[in-house]
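*Asks:* File follows, final_38.txt with compact mmCIF, C-alpha atoms:
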# COMPACT_ATOMS: atom_id res chain seq x y z
CA MET T 186 -132.64 -266.16 94.87
CA LYS T 187 -129.33 -264.87 96.20
CA SER T 188 -127.64 -265.14 99.55
CA MET T 189 -126.43 -261.96 101.24
CA THR T 190 -123.28 -263.69 102.46
CA GLY T 191 -120.36 -264.31 100.18
CA TYR T 192 -116.68 -263.74 99.54
CA ALA T 193 -114.60 -262.81 96.53
CA SER T 194 -110.97 -261.88 95.93
CA GLN T 195 -109.04 -260.79 92.85
CA GLU T 196 -105.38 -259.77 92.54
CA ILE T 197 -102.89 -258.60 89.94
CA GLN T 198 -99.18 -257.89 90.30
CA ASP T 199 -96.07 -257.12 88.33
CA GLU T 200 -92.59 -255.87 89.12
CA ASN T 201 -93.89 -252.42 90.04
CA ILE T 202 -97.21 -252.92 91.77
CA SER T 203 -99.43 -255.44 93.61
CA LEU T 204 -103.17 -254.67 93.63
CA SER T 205 -105.93 -256.70 95.31
CA VAL T 206 -109.71 -256.35 95.66
CA GLU T 207 -111.51 -258.26 98.41
CA ILE T 208 -115.30 -258.31 98.94
CA LYS T 209 -117.12 -259.71 101.99
CA GLY T 210 -120.88 -259.90 102.42
CA TYR T 211 -123.01 -260.29 105.56
CA ASN T 212 -126.68 -260.17 106.49
CA SER T 213 -128.41 -256.79 106.73
CA ARG T 214 -131.92 -255.45 106.25
CA PHE T 215 -130.62 -252.76 103.88
CA LEU T 216 -127.56 -252.14 101.75
CA ASP T 217 -124.69 -251.07 104.03
CA LEU T 218 -121.61 -250.49 101.90
CA PHE T 219 -118.10 -249.92 103.27
CA VAL T 220 -115.23 -249.08 100.90
CA ASN T 221 -111.68 -249.19 102.28
CA LEU T 222 -109.03 -247.57 100.09
CA PRO T 223 -105.50 -246.29 100.54
CA PRO T 224 -105.72 -242.55 101.33
CA PHE T 225 -104.11 -241.53 98.04
CA LEU T 226 -106.95 -243.24 96.14
CA SER T 227 -109.79 -241.52 98.02
CA SER T 228 -110.83 -239.71 94.83
CA LEU T 229 -111.97 -243.07 93.42
CA GLU T 230 -114.23 -243.97 96.36
CA ARG T 231 -117.46 -242.48 94.97
CA GLU T 232 -117.01 -244.23 91.64
CA ILE T 233 -116.33 -247.58 93.33
CA ARG T 234 -119.25 -247.13 95.73
CA ASP T 235 -121.69 -246.32 92.91
CA TYR T 236 -120.62 -249.34 90.87
CA VAL T 237 -120.99 -251.83 93.73
CA ALA T 238 -124.30 -250.29 94.87
CA GLY T 239 -125.60 -250.69 91.31
CA ARG T 240 -124.93 -254.43 91.41
CA LEU T 241 -126.31 -255.25 94.89
CA ASN T 242 -129.62 -254.63 96.66
CA ARG T 243 -129.23 -255.74 100.28
CA GLY T 244 -126.55 -256.81 102.72
CA LYS T 245 -123.61 -255.42 104.62
CA VAL T 246 -120.78 -255.37 102.07
CA GLU T 247 -117.11 -254.59 102.69
CA VAL T 248 -114.90 -253.72 99.73
CA ASN T 249 -111.19 -253.68 100.59
CA ILE T 250 -108.68 -252.45 98.00
CA ARG T 251 -104.99 -252.81 98.82
CA VAL T 252 -102.03 -251.46 96.88
CA LYS T 253 -98.33 -252.29 97.29
CA GLU T 254 -95.90 -250.27 95.19
CA ARG T 255 -92.41 -251.29 94.16
CA ASN T 256 -89.74 -249.20 92.38
CA SER T 257 -91.98 -246.14 92.36
CA ASP T 258 -90.61 -242.63 91.86
CA ILE T 259 -90.58 -240.53 95.03
CA PHE T 260 -89.84 -236.88 95.73
CA ILE T 261 -88.19 -235.87 99.02
CA SER T 262 -88.04 -232.33 100.34
CA VAL T 263 -86.60 -231.06 103.62
CA ASN T 264 -88.54 -228.71 105.84
CA HIS T 265 -85.60 -226.61 107.05
CA ARG T 266 -87.71 -224.51 109.38
CA ALA T 267 -89.08 -227.58 111.16
CA ALA T 268 -85.58 -229.09 111.45
CA LYS T 269 -84.15 -225.86 112.94
CA THR T 270 -87.08 -225.57 115.37
CA TYR T 271 -86.52 -229.13 116.58
CA TYR T 272 -82.74 -228.49 116.87
CA ASP T 273 -83.15 -225.29 118.90
CA SER T 274 -85.80 -226.84 121.17
CA ILE T 275 -83.64 -229.88 121.92
CA LEU T 276 -80.62 -227.62 122.66
CA ASP T 277 -82.74 -225.55 125.05
CA LEU T 278 -83.94 -228.70 126.82
CA ALA T 279 -80.39 -230.03 127.09
CA GLY T 280 -79.25 -226.71 128.60
CA GLU T 281 -82.07 -226.71 131.12
CA LEU T 282 -81.16 -230.23 132.20
CA GLY T 283 -77.43 -229.56 132.19
CA LEU T 284 -76.73 -232.16 129.55
CA PRO T 285 -73.91 -231.84 127.01
CA GLU T 286 -75.72 -233.66 124.19
CA LYS T 287 -76.50 -232.00 120.89
CA PRO T 288 -79.14 -233.39 118.49
CA GLY T 289 -77.63 -235.31 115.64
CA LEU T 290 -78.82 -235.49 112.05
CA ALA T 291 -80.31 -238.98 112.46
CA LEU T 292 -82.47 -237.76 115.32
CA LEU T 293 -83.68 -234.71 113.39
CA LEU T 294 -84.51 -236.69 110.27
CA GLY T 295 -86.74 -238.98 112.35
CA MET T 296 -88.79 -236.07 113.69
CA GLU T 297 -92.25 -235.59 112.20
CA GLY T 298 -92.43 -233.13 109.34
CA VAL T 299 -88.70 -232.75 108.72
CA LEU T 300 -88.72 -234.96 105.64
CA GLU T 301 -91.70 -234.62 103.32
CA ILE T 302 -92.02 -237.57 100.94
CA GLU T 303 -94.31 -237.61 97.94
CA LYS T 304 -94.85 -240.33 95.37
CA ASN T 305 -95.64 -239.60 91.77
CA ARG T 306 -99.06 -241.23 91.44
CA ASP T 307 -101.42 -241.10 88.48
CA ASP T 308 -105.10 -241.54 89.47
CA GLN T 309 -106.06 -242.49 85.94
CA LYS T 310 -103.48 -245.25 85.92
CA TYR T 311 -104.89 -246.71 89.14
CA ARG T 312 -108.45 -246.36 87.87
CA SER T 313 -107.57 -248.36 84.75
CA LEU T 314 -106.16 -251.14 86.96
CA ILE T 315 -108.83 -251.16 89.67
CA THR T 316 -111.95 -250.97 87.45
CA PRO T 317 -111.60 -254.33 85.64
CA LEU T 318 -110.33 -256.01 88.80
CA LEU T 319 -113.32 -254.72 90.77
CA GLN T 320 -115.72 -255.94 88.06
CA LYS T 321 -114.22 -259.42 88.19
CA ALA T 322 -114.44 -259.46 91.99
CA VAL T 323 -118.11 -258.40 91.96
CA ASP T 324 -118.88 -261.03 89.30
CA GLN T 325 -117.22 -263.67 91.46
CA PHE T 326 -119.10 -262.38 94.50
CA GLU T 327 -122.41 -262.67 92.63
CA VAL T 328 -121.65 -266.23 91.52
CA GLU T 329 -120.91 -267.18 95.12
CA ARG T 330 -124.13 -265.58 96.36
CA VAL T 331 -126.21 -267.29 93.68
CA ARG T 332 -124.64 -270.66 94.50
CA GLU T 333 -125.36 -270.32 98.20
CA GLY T 334 -128.79 -268.85 97.48
CA LYS T 335 -129.73 -271.88 95.38
CA HIS T 336 -129.05 -274.24 98.28
CA THR T 337 -131.02 -272.00 100.62
CA GLN T 338 -133.92 -271.87 98.16
CA GLU T 339 -134.03 -275.66 97.95
CA ASP T 340 -134.16 -275.90 101.72
CA ILE T 341 -136.89 -273.24 102.02
CA LEU T 342 -139.03 -274.81 99.32
CA GLY T 343 -138.69 -278.14 101.10
CA HIS T 344 -140.31 -276.56 104.16
CA ILE T 345 -142.97 -274.96 101.94
CA ALA T 346 -143.78 -278.40 100.53
CA TYR T 347 -144.17 -279.66 104.09
CA LEU T 348 -146.55 -276.79 104.87
CA GLU T 349 -148.59 -277.61 101.76
CA GLU T 350 -148.91 -281.24 102.83
CA ALA T 351 -149.88 -280.19 106.34
CA LEU T 352 -152.47 -277.86 104.84
CA LYS T 353 -154.03 -280.79 102.98
CA ALA T 354 -154.09 -282.85 106.17
CA VAL T 355 -155.77 -280.05 108.12
CA SER T 356 -158.29 -279.46 105.31
CA ALA T 357 -159.30 -283.12 105.49
CA HIS T 358 -160.44 -282.57 109.08
CA VAL T 359 -162.77 -279.66 108.26
CA PRO T 360 -165.83 -281.90 107.59
CA VAL T 361 -165.07 -283.81 110.82
CA LEU T 362 -164.88 -280.54 112.75
CA GLU T 363 -168.17 -279.26 111.36
CA ALA T 364 -169.92 -282.58 111.92
CA SER T 365 -168.59 -282.65 115.48
CA ILE T 366 -170.00 -279.20 116.17
CA GLN T 367 -173.43 -280.17 114.86
CA GLU T 368 -173.47 -283.48 116.73
CA ASN T 369 -172.46 -281.82 120.00
CA LEU T 370 -175.29 -279.32 119.62
CA LYS T 371 -177.84 -282.06 119.01
CA THR T 372 -176.64 -283.91 122.08
CA ARG T 373 -176.89 -280.82 124.27
CA PHE T 374 -180.35 -279.95 122.97
CA ALA T 375 -181.50 -283.52 123.53
CA GLU T 376 -180.25 -283.40 127.11
CA LEU T 377 -182.08 -280.14 127.75
CA LEU T 378 -185.29 -280.57 125.74
CA GLY T 379 -185.72 -284.31 125.29
CA ASP T 380 -188.06 -285.03 122.39
CA ARG T 381 -189.00 -281.39 121.86
CA ILE T 382 -186.02 -280.71 119.63
CA ASP T 383 -186.38 -277.83 117.16
CA GLU T 384 -184.32 -278.73 114.10
CA ASN T 385 -184.41 -275.14 112.86
CA ARG T 386 -182.96 -273.96 116.16
CA ILE T 387 -180.23 -276.57 115.91
CA LEU T 388 -179.38 -275.43 112.40
CA ALA T 389 -179.31 -271.80 113.47
CA GLU T 390 -177.03 -272.51 116.44
CA THR T 391 -174.84 -274.70 114.27
CA ALA T 392 -174.45 -271.86 111.77
CA VAL T 393 -173.40 -269.48 114.54
CA LEU T 394 -170.79 -271.88 115.89
CA LEU T 395 -169.49 -272.68 112.44
CA MET T 396 -168.99 -268.97 111.83
CA LYS T 397 -166.96 -268.85 115.03
CA TYR T 398 -164.96 -272.07 114.76
CA THR T 399 -164.73 -273.01 111.09
CA ILE T 400 -161.25 -272.63 109.55
CA SER T 401 -162.21 -272.75 105.88
CA GLU T 402 -161.35 -269.09 105.25
CA GLU T 403 -158.01 -269.41 107.02
CA LEU T 404 -157.17 -272.50 104.99
CA SER T 405 -158.06 -270.69 101.78
CA ARG T 406 -155.88 -267.70 102.62
CA LEU T 407 -153.06 -269.97 103.76
CA SER T 408 -153.18 -271.85 100.46
CA SER T 409 -153.03 -268.53 98.59
CA HIS T 410 -150.05 -267.31 100.62
CA LEU T 411 -148.11 -270.53 100.02
CA ALA T 412 -148.74 -270.32 96.28
CA GLU T 413 -147.64 -266.68 96.26
CA PHE T 414 -144.51 -267.64 98.20
CA ARG T 415 -143.52 -270.21 95.57
CA SER T 416 -144.23 -267.78 92.75
CA GLU T 417 -142.17 -265.05 94.38
CA THR T 418 -139.10 -267.30 94.64
CA GLU T 419 -139.30 -267.97 90.91
CA ARG T 420 -140.03 -264.53 89.48
CA ASN T 421 -138.28 -262.12 91.87
CA PRO T 422 -134.46 -262.07 91.84
CA SER T 423 -134.42 -260.31 95.24
CA PRO T 424 -137.46 -261.66 97.09
CA GLY T 425 -136.20 -261.43 100.67
CA LYS T 426 -138.43 -258.59 101.92
CA LYS T 427 -141.57 -259.89 100.17
CA LEU T 428 -141.03 -263.43 101.45
CA ASP T 429 -140.54 -262.15 104.97
CA PHE T 430 -143.90 -260.36 104.71
CA LEU T 431 -145.57 -263.51 103.40
CA CYS T 432 -144.13 -265.46 106.34
CA GLN T 433 -145.86 -263.05 108.69
CA GLU T 434 -149.18 -263.61 106.88
CA ILE T 435 -148.71 -267.40 106.89
CA ASN T 436 -147.92 -267.32 110.59
CA ARG T 437 -151.07 -265.32 111.28
CA GLU T 438 -153.29 -267.87 109.51
CA VAL T 439 -151.58 -270.83 111.21
CA ASN T 440 -152.05 -269.23 114.64
CA THR T 441 -155.72 -268.58 113.94
CA ILE T 442 -156.27 -272.17 112.81
CA GLY T 443 -154.62 -273.42 115.99
CA SER T 444 -156.78 -271.21 118.22
CA LYS T 445 -160.10 -272.04 116.51
CA THR T 446 -160.07 -275.82 116.32
CA PRO T 447 -160.14 -278.33 119.19
CA VAL T 448 -159.25 -281.29 116.97
CA LEU T 449 -156.11 -282.93 118.31
CA GLU T 450 -154.73 -283.89 114.90
CA VAL T 451 -155.10 -280.31 113.70
CA SER T 452 -153.34 -278.97 116.80
CA ARG T 453 -150.42 -281.31 116.17
CA ALA T 454 -150.26 -280.24 112.52
CA VAL T 455 -150.25 -276.57 113.60
CA VAL T 456 -147.25 -277.16 115.88
CA ASP T 457 -145.36 -278.81 113.02
CA MET T 458 -146.33 -276.00 110.63
CA LYS T 459 -145.06 -273.36 113.04
CA ASN T 460 -141.76 -275.23 113.38
CA ALA T 461 -141.34 -275.40 109.58
CA LEU T 462 -142.23 -271.72 109.28
CA GLU T 463 -139.64 -270.75 111.89
CA ASN T 464 -137.00 -272.63 109.89
CA ILE T 465 -138.03 -270.69 106.78
CA ARG T 466 -137.83 -267.35 108.56
CA GLU T 467 -134.37 -268.22 109.86
CA GLN T 468 -133.18 -268.96 106.33
CA LEU T 469 -134.75 -265.78 104.93
CA ARG T 470 -132.48 -263.65 107.11
CA ASN T 471 -129.73 -264.56 104.64
CA ILE T 472 -131.67 -263.87 101.41
CA GLU T 473 -131.36 -260.69 99.37
How would this structure read if it were set down as structure tokens?

*Replies:*
Amino acid sequence: MKSMTGYASQEIQDENISLSVEIKGYNSRFLDLFVNLPPFLSSLEREIRDYVAGRLNRGKVEVNIRVKERNSDIFISVNHRAAKTYYDSILDLAGELGLPEKPGLALLLGMEGVLEIEKNRDDQKYRSLITPLLQKAVDQFEVERVREGKHTQEDILGHIAYLEEALKAVSAHVPVLEASIQENLKTRFAELLGDRIDENRILAETAVLLMKYTISEELSRLSSHLAEFRSETERNPSPGKKLDFLCQEINREVNTIGSKTPVLEVSRAVVDMKNALENIREQLRNIE
């Protein structure tokens, strides 16, 4: 069981370059992947996205890759046409306003598009640096998610154990419930008919009421769902969606039990079971 939240960071640097990979994970029903790269590395985005998506199943994941270059070769060219256009336009404006100023070189060099600067960058070089760093970051991210997921699993299974104990307590009241139904019927028939009680009629009416109020089937299904829940946490590395579905089924059975039985002890147990189940569902929002 893995958590969808986590954090990882890896960095390398030397005298020419500093490169870092940062990964953040949040809750999400599906896999929402965001890759943030410097513009000059946009050609690597698809490759990075495919690798991360192949390692994760669910969650909102942000991958931030930052690059700082030092002592890199650059190429500077001057756009003479742009510089002359700026110069002529500024002279025209100065003439219109009656100002004696002329644009200086410093002003022109600061205008957009006059100086065009390019750095000599090799995509393959950056790929060879980013790939192993990204793999280490994802490995670290997975370790963090597994660690947090283990604690969450322990907490969830603790609530499941409580539900199992509550199920046993409720099951112990089934004979009391059925006996109560039969005894109530006998009392009502005795009040209405006196000594002319028809045992067969009592048995028939009891059977009808037991069909309506007995919770044996609900208890059986609830027991099955709890066992399936435990099994799913052990065999499925990404059980979040399946466990959420099982929680819905468990909740349905618990609600039915609560609505069908008038026994006070059972009603109290149902309230406690619903509280435990709500805690489980809250925790599952963070499970892959």

*Asks:* Could you please determine the separation between CA of Leu204 in chain T and CA of Tyr192 in chain T in Å, to one decimal place?

*Replies:*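 Going from CA of Leu204 in chain T over to CA of Tyr192 in chain T covers 17.3 Å.
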
*Asks:* Could you tell me how far CA of Ile208 in chain T lies from CA of Arg312 in chain T, in Å and to one decimal?

*Replies:*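 A separation of 17.7 Å between them.
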
*Asks:* With all atoms listed in the file as the counted atoms, please give the residues lying no more than 7 Å from range 437-454 of chain T, apart from itself and same-chain residues fewer than 6 positions off, as a ChimeraX atom specification.

*Replies:* /T:351,355,398,400,403,407

*Asks:* Next, write the just-selected residues to a file, as an mmCIF file, in the coordinates of the input, keeping C-alpha atoms as the atom set.

*Replies:*
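Heads up, here's the output in part.cif:
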data_model
loop_
_atom_site.group_PDB
_atom_site.id
_atom_site.type_symbol
_atom_site.label_atom_id
_atom_site.label_comp_id
_atom_site.auth_asym_id
_atom_site.auth_seq_id
_atom_site.Cartn_x
_atom_site.Cartn_y
_atom_site.Cartn_z
ATOM 1 C CA ALA T 351 -149.880 -280.190 106.340
ATOM 2 C CA VAL T 355 -155.770 -280.050 108.120
ATOM 3 C CA TYR T 398 -164.960 -272.070 114.760
ATOM 4 C CA ILE T 400 -161.250 -272.630 109.550
ATOM 5 C CA GLU T 403 -158.010 -269.410 107.020
ATOM 6 C CA LEU T 407 -153.060 -269.970 103.760
#

*Asks:* What does the distance between CA of Glu473 in chain T and CA of Ser188 in chain T come to in Å, to one decimal place?

*Replies:*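 That distance, rounded to one decimal, is 5.8 Å.
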
*Asks:* With all atoms listed in the file as the basis for distance, which of T:Thr316, T:Asn436, T:Ser274, T:Asn249 is at the shortest distance from Glu232 in chain T?

*Replies:* T:Thr316

*Asks:* So, with all atoms listed in the file as the atoms that count, which of T:Gly295, T:Pro360, T:Gly239, T:Gly283 lies closest to Gln320 in chain T?

*Replies:*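 Closest to Gln320 in chain T of all the choices is T:Gly239.
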
*Asks:* Find, counting all atoms listed in the file, the residue in T:Thr399, T:Gln325, T:Arg243, T:Glu419 that gets nearest to Val361 in chain T.

*Replies:*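 Answer, going by the shortest atom-to-atom distance: T:Thr399.
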
*Asks:* Contacts of Asp199 in chain T at 12 Å or less, counting all atoms listed in the file, minus same-chain residues fewer than 5 places along, as number ranges by chain?

*Replies:* T: 204, 252-256, 314

*Asks:* Kindly export the residues of the current selection with C-alpha atoms, as a PDB file, in the frame of the given file.

*Replies:*
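Below is the file selection.pdb, written as the result:
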ATOM      1  CA  LEU T 204    -103.170-254.670  93.630  1.00  0.00           C
ATOM      2  CA  VAL T 252    -102.030-251.460  96.880  1.00  0.00           C
ATOM      3  CA  LYS T 253     -98.330-252.290  97.290  1.00  0.00           C
ATOM      4  CA  GLU T 254     -95.900-250.270  95.190  1.00  0.00           C
ATOM      5  CA  ARG T 255     -92.410-251.290  94.160  1.00  0.00           C
ATOM      6  CA  ASN T 256     -89.740-249.200  92.380  1.00  0.00           C
ATOM      7  CA  LEU T 314    -106.160-251.140  86.960  1.00  0.00           C
TER       8      LEU T 314
END

*Asks:* What lies within 8 Å of Asn242 in chain T using all atoms listed in the file, ignoring chain neighbours under 4 positions off, as a list in words?

*Replies:* Phe215, Leu216, Ala238, Ser423 and Glu473 of chain T

*Asks:* Take the point (-116.2, -262.2, 92.8) in the file's coordinates, draw a sphere of radius 6 Å around it, and report as number ranges by chain every protein, DNA or RNA residue with an atom inside or on it, counting all atoms listed in the file.

*Replies:* T: 193, 321-326

*Asks:* Which residue out of T:Glu286, T:Asp235, T:Glu247, T:Asp457 has the minimum interatomic distance to Tyr211 in chain T when all atoms listed in the file are used?

*Replies:*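 Nearest to Tyr211 in chain T: T:Glu247.
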
*Asks:* Using only C-alpha atoms, pick whichever of T:His344, T:Asp277, T:Gln338, T:Gln198 has the shortest atom-to-atom distance to Glu417 in chain T.

*Replies:* T:Gln338

*Asks:* So which one's closest to Met186 in chain T, T:Glu329, T:Glu349, T:Glu463, T:Glu402? Using only C-alpha atoms, please.

*Replies:* T:Glu329

*Asks:* Return the padded bounding box of range 236-242 of chain T as JSON: axis-aligned, built from all atoms listed in the file, 4 Å added on each side, with centre and edge lengths in Å to one decimal.

*Replies:*
{"center_x": -125.1, "center_y": -252.3, "center_z": 93.8, "size_x": 17.0, "size_y": 13.9, "size_z": 13.8}

*Asks:* Neighbours of Glu467 in chain T within 12 Å (all atoms listed in the file; same-chain residues fewer than 6 positions away dropped), as a list in words?

*Replies:*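 That gives Asn212, Thr337, Asp340, Ile341, His344, Gly425, Leu428, Asp429, Cys432, Asn460 and Ala461 of chain T.
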